[in-house]
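Beneath this line is the structure, given in structure tokens, with notes to follow.
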Amino acid sequence: MLEKLKKEIIDALDSLLRYALLVTGNEEEAKDLVQETCYRALKNLNSLDETSNVKAWLFTIMRNIWLNQKKRQQISPVQIDEAIENKSDDWNINPEELLINNEMRQTLLKALENLPDVYREILILRYFEDFSYSEISKILGCPLGTVMSRLNRAREKLKENFLKIYEKKENDRS
Amino acid sequence: MIDHKTIKIWINLYLDGELAGEELEQFKQHINKCSECSKLLKQQRDFVDSIKILKDEVNFDFSDFKKELISQIEDFKPQRKSFSKLAILLAIIAVSLGIGIYLTFLYSSRTDFAEIAIENHIRQTRGQLPLEIKTSSEAEISNWFSGKLNFNFRLPRYPDPTKQPYKIKGARLVALNNDYAALVSYEMDNRPMTLLVAPSRSATPHGKNKFTFKELDFYLDTRDGLNILSWSDKGLTYALVFDFENFNWKKPCIVCHSSGDKEM
């Protein structure tokens, strides 16, 4: 069991490091966070059963450590509107274009980095790490409905941020 | 008939793989018929794919850190926490128990010795513990105890017998901690006084007031109107019980602990 867990932790290191880097915005903090996560995971092996999703469990541990470090009230004071309704449908940039256009990718990344923590983390969990809604619900410790509504809101916010930055750049050029 | 608003919500669930069963079928049917929703689905898919592409944009080079961390993970050996905790707990319990037993023994022996000394004194003065040897001779008493006790006890003679302030009445054996102790009966100023003597290993001097004299610690206590003066010397513990006040220390103590100028 220990050897299996070790392997799964090692396999998840890149994901953990990426998530840590995006939530902390600091390489050293990200390293510390991942190291502490691995240590706690190995130490608390007994709390894990054979059927557990180790990667989701690692993310839960890391998020809890991070929240404790930042003190929850500092991370979640963002007033978020959990309304499900989509406000903007306009996305006229196709992925191919994005793949070719490095500047556009960087703009979208900047838009993602500028999102409030709650939106940024849920997008990372869903689209970078491919966690299901149910797994995200466990990692974030919130109901499934909240995951759905928050994801919708996060996507809309990302679009909004991106278009703002993108349009501003376009205007600056012209 | 499903409205467009519902389909808009379902688009994201569909793209995230969270739409299933009948809803999934209804969604597919609607998309096939509705060009507007089909266009929305394409836009949203492009957007989601764009987000996914960003994953590779998060560049970091933590190779050294990763190497070190992987090594730490591979070398990790779980501490036998429960065992070590249990061992520590057992050790603490054992030590606590040992200390407890020791303190209990110490305390009880002190208490018992003082109490037994008082009890013997009371019973002796009431006639419930008749003297086994009646004599005023220290030598006779010492001889009588010889062979009867598991310790050497000799009653010393007063330096100047003509000035002896007390009168020896006799002695007997009394029980103490599954063994025998020596009880000597005196009379001083017409009041009874007893001396209980036992090995220090089974009796400890004890009293609320402590004072040191001639490098010996003396303890004085008062219980039930009786004074108990106890001390240890050369492997034996003594308890002198008397009921009179204004006790003149130098009178009896001079027997063993002073000679003329060594007074309390």
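Just remember, in the structure tokens the first chain shown is A, the second B, etc., residues are 1-based per chain, and ligands are 1-based in the order shown.
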Fewer than 3 positions away in the same chain doesn't count, so skip those; otherwise give me all residues within 9 Å of B:Leu149, counting only C-alpha atoms, as a PyMOL selection string. chain B and resi 145-146+152-153+173+179-182
Output the contact residues of chain B with respect to chain A at a cut-off of 6 Å, based on only C-alpha atoms, as a ChimeraX atom specification. /B:43,46,50,52,55
Keeping only C-alpha atoms, take the residues you just selected and write them out as a short mmCIF file (atom, residue, chain, number, x, y, z; two decimals), in the first residue's frame.
```cif
data_model
loop_
_atom_site.label_atom_id
_atom_site.label_comp_id
_atom_site.auth_asym_id
_atom_site.auth_seq_id
_atom_site.Cartn_x
_atom_site.Cartn_y
_atom_site.Cartn_z
CA GLN B 43 -18.20 28.18 -29.24
CA ASP B 46 -13.61 26.03 -28.36
CA SER B 50 -8.66 26.93 -25.04
CA LYS B 52 -7.24 23.16 -21.46
CA LYS B 55 -2.24 23.79 -18.93
#
```
Enumerate as a PyMOL selection string all residues of stretch 157-235 of chain B assigned to strand (DSSP E) by DSSP on the backbone, naming them with the chain letters and numbers the document uses. chain B and resi 166-176+179-188+191-199+209-213+216-223+226-233
Do a neighbour search on stretch 194-210 of chain B at 8 Å with only C-alpha atoms, toss out local chain neighbours closer than 3 positions, and write the hits as a ChimeraX atom specification. /B:106,109-111,113-114,117,121,151,176-177,180-186,217-221,228-232,235-242
Go ahead and write the residues just picked, N, CA and C atoms, as a short mmCIF file (atom, residue, chain, number, x, y, z; two decimals), in the first residue's frame.
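Result went into out29.cif, see below:
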```cif
data_model
loop_
_atom_site.label_atom_id
_atom_site.label_comp_id
_atom_site.auth_asym_id
_atom_site.auth_seq_id
_atom_site.Cartn_x
_atom_site.Cartn_y
_atom_site.Cartn_z
N LEU B 106 5.94 5.33 50.90
CA LEU B 106 6.64 6.31 51.72
C LEU B 106 5.67 7.04 52.63
N SER B 109 4.05 4.63 55.12
CA SER B 109 4.95 4.24 56.20
C SER B 109 5.14 5.38 57.19
N ARG B 110 5.20 6.60 56.61
CA ARG B 110 5.31 7.74 57.51
C ARG B 110 4.06 7.84 58.37
N THR B 111 2.92 7.79 57.66
CA THR B 111 1.66 7.95 58.37
C THR B 111 1.49 6.83 59.38
N PHE B 113 3.68 4.96 60.75
CA PHE B 113 4.62 5.00 61.86
C PHE B 113 4.15 5.99 62.93
N ALA B 114 3.73 7.16 62.47
CA ALA B 114 3.23 8.17 63.42
C ALA B 114 1.95 7.68 64.08
N ALA B 117 2.65 4.80 66.37
CA ALA B 117 3.30 5.29 67.59
C ALA B 117 2.25 5.87 68.55
N HIS B 121 0.97 4.20 71.99
CA HIS B 121 1.06 5.00 73.21
C HIS B 121 -0.27 4.96 73.97
N PHE B 151 16.70 -6.00 64.16
CA PHE B 151 17.66 -4.89 64.13
C PHE B 151 18.28 -4.76 65.52
N LEU B 176 4.73 -3.99 63.49
CA LEU B 176 4.86 -2.87 62.54
C LEU B 176 5.28 -3.43 61.20
N ASN B 177 4.44 -3.21 60.19
CA ASN B 177 4.75 -3.65 58.82
C ASN B 177 5.22 -5.11 58.78
N TYR B 180 8.43 -6.78 63.87
CA TYR B 180 8.33 -6.24 65.24
C TYR B 180 9.10 -4.95 65.37
N ALA B 181 8.55 -4.09 66.22
CA ALA B 181 9.25 -2.86 66.58
C ALA B 181 9.35 -2.84 68.11
N ALA B 182 10.22 -2.00 68.60
CA ALA B 182 10.42 -1.93 70.06
C ALA B 182 9.64 -0.77 70.64
N LEU B 183 8.94 -1.07 71.71
CA LEU B 183 8.20 0.00 72.38
C LEU B 183 8.73 0.11 73.82
N VAL B 184 9.22 1.27 74.15
CA VAL B 184 9.75 1.50 75.50
C VAL B 184 8.83 2.50 76.20
N SER B 185 8.52 2.18 77.44
CA SER B 185 7.58 3.04 78.18
C SER B 185 8.34 3.83 79.24
N TYR B 186 8.04 5.12 79.29
CA TYR B 186 8.69 6.01 80.26
C TYR B 186 7.63 6.74 81.07
N ASP B 217 17.67 15.50 61.40
CA ASP B 217 16.39 16.16 61.18
C ASP B 217 15.36 15.59 62.14
N PHE B 218 14.74 16.48 62.87
CA PHE B 218 13.69 16.08 63.81
C PHE B 218 12.35 16.61 63.29
N TYR B 219 11.32 15.81 63.47
CA TYR B 219 9.99 16.20 63.01
C TYR B 219 9.04 16.19 64.20
N LEU B 220 8.28 17.26 64.30
CA LEU B 220 7.34 17.35 65.41
C LEU B 220 5.93 17.52 64.87
N ASP B 221 5.05 16.73 65.40
CA ASP B 221 3.65 16.79 64.97
C ASP B 221 2.76 16.66 66.19
N ILE B 228 4.17 14.14 68.81
CA ILE B 228 5.01 13.06 68.27
C ILE B 228 6.30 13.70 67.76
N LEU B 229 7.38 13.26 68.34
CA LEU B 229 8.69 13.73 67.88
C LEU B 229 9.38 12.54 67.23
N SER B 230 9.71 12.67 65.96
CA SER B 230 10.33 11.51 65.28
C SER B 230 11.62 11.92 64.58
N TRP B 231 12.48 10.95 64.42
CA TRP B 231 13.76 11.20 63.77
C TRP B 231 14.40 9.87 63.36
N SER B 232 15.38 9.94 62.52
CA SER B 232 16.12 8.74 62.11
C SER B 232 17.59 8.93 62.43
N GLY B 235 20.22 4.16 60.86
CA GLY B 235 19.39 3.06 60.34
C GLY B 235 18.14 2.76 61.14
N LEU B 236 17.93 3.51 62.19
CA LEU B 236 16.72 3.29 62.98
C LEU B 236 15.88 4.56 63.01
N THR B 237 14.58 4.38 63.09
CA THR B 237 13.68 5.53 63.19
C THR B 237 12.98 5.48 64.56
N TYR B 238 12.87 6.63 65.15
CA TYR B 238 12.34 6.73 66.51
C TYR B 238 11.11 7.63 66.51
N ALA B 239 10.15 7.31 67.36
CA ALA B 239 8.99 8.19 67.54
C ALA B 239 8.70 8.27 69.03
N LEU B 240 8.84 9.46 69.55
CA LEU B 240 8.60 9.69 70.98
C LEU B 240 7.23 10.35 71.12
N VAL B 241 6.36 9.73 71.91
CA VAL B 241 4.99 10.25 72.04
C VAL B 241 4.76 10.67 73.49
N PHE B 242 4.24 11.85 73.67
CA PHE B 242 3.99 12.37 75.02
C PHE B 242 2.83 13.35 74.94
#
```
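Computed from the coordinates, the atom CA of B:Leu15 to atom CA of A:Ile136 distance equals 15.9 Å.
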For B:Thr135, work out the shell of residues within 10 Å, counting only C-alpha atoms and skipping chain neighbours fewer than 6 positions away, then give it as a ChimeraX atom specification. /B:141,167-171,185
Near A:Glu170, counting only C-alpha atoms, which residues have an atom at most 12 Å away, once you skip same-chain residues fewer than 5 positions from it, shown as a ChimeraX atom specification? /A:103-104,107,163-165
For those residues, write C-alpha atoms to a file as a PDB file, in the first residue's frame.
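Output file again07.pdb follows:
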```pdb
ATOM      1  CA  GLU A 103       0.279  36.246 -27.434  1.00  0.00           C
ATOM      2  CA  MET A 104      -3.328  35.180 -27.272  1.00  0.00           C
ATOM      3  CA  THR A 107      -3.438  36.817 -22.594  1.00  0.00           C
ATOM      4  CA  LEU A 163     -11.897  39.962 -23.726  1.00  0.00           C
ATOM      5  CA  LYS A 164     -11.105  43.025 -21.636  1.00  0.00           C
ATOM      6  CA  ILE A 165      -7.360  42.472 -21.903  1.00  0.00           C
TER       7      ILE A 165
END
```
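Atom CA of B:Ala20 to atom CA of A:Lys138 spans 20.6 Å [interatomic distance, one decimal].
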Proximity to A:Ile65 - best of A:Glu167, A:Glu113, A:Glu29, A:Glu160, only C-alpha atoms: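 Nearest to A:Ile65: A:Glu29.
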Using DSSP on the backbone, list every residue of stretch 38-182 of chain B that comes out as helix (DSSP H, G or I), and give them as a ChimeraX atom specification. /B:38-57,63-75,81-125,138-145,161-163
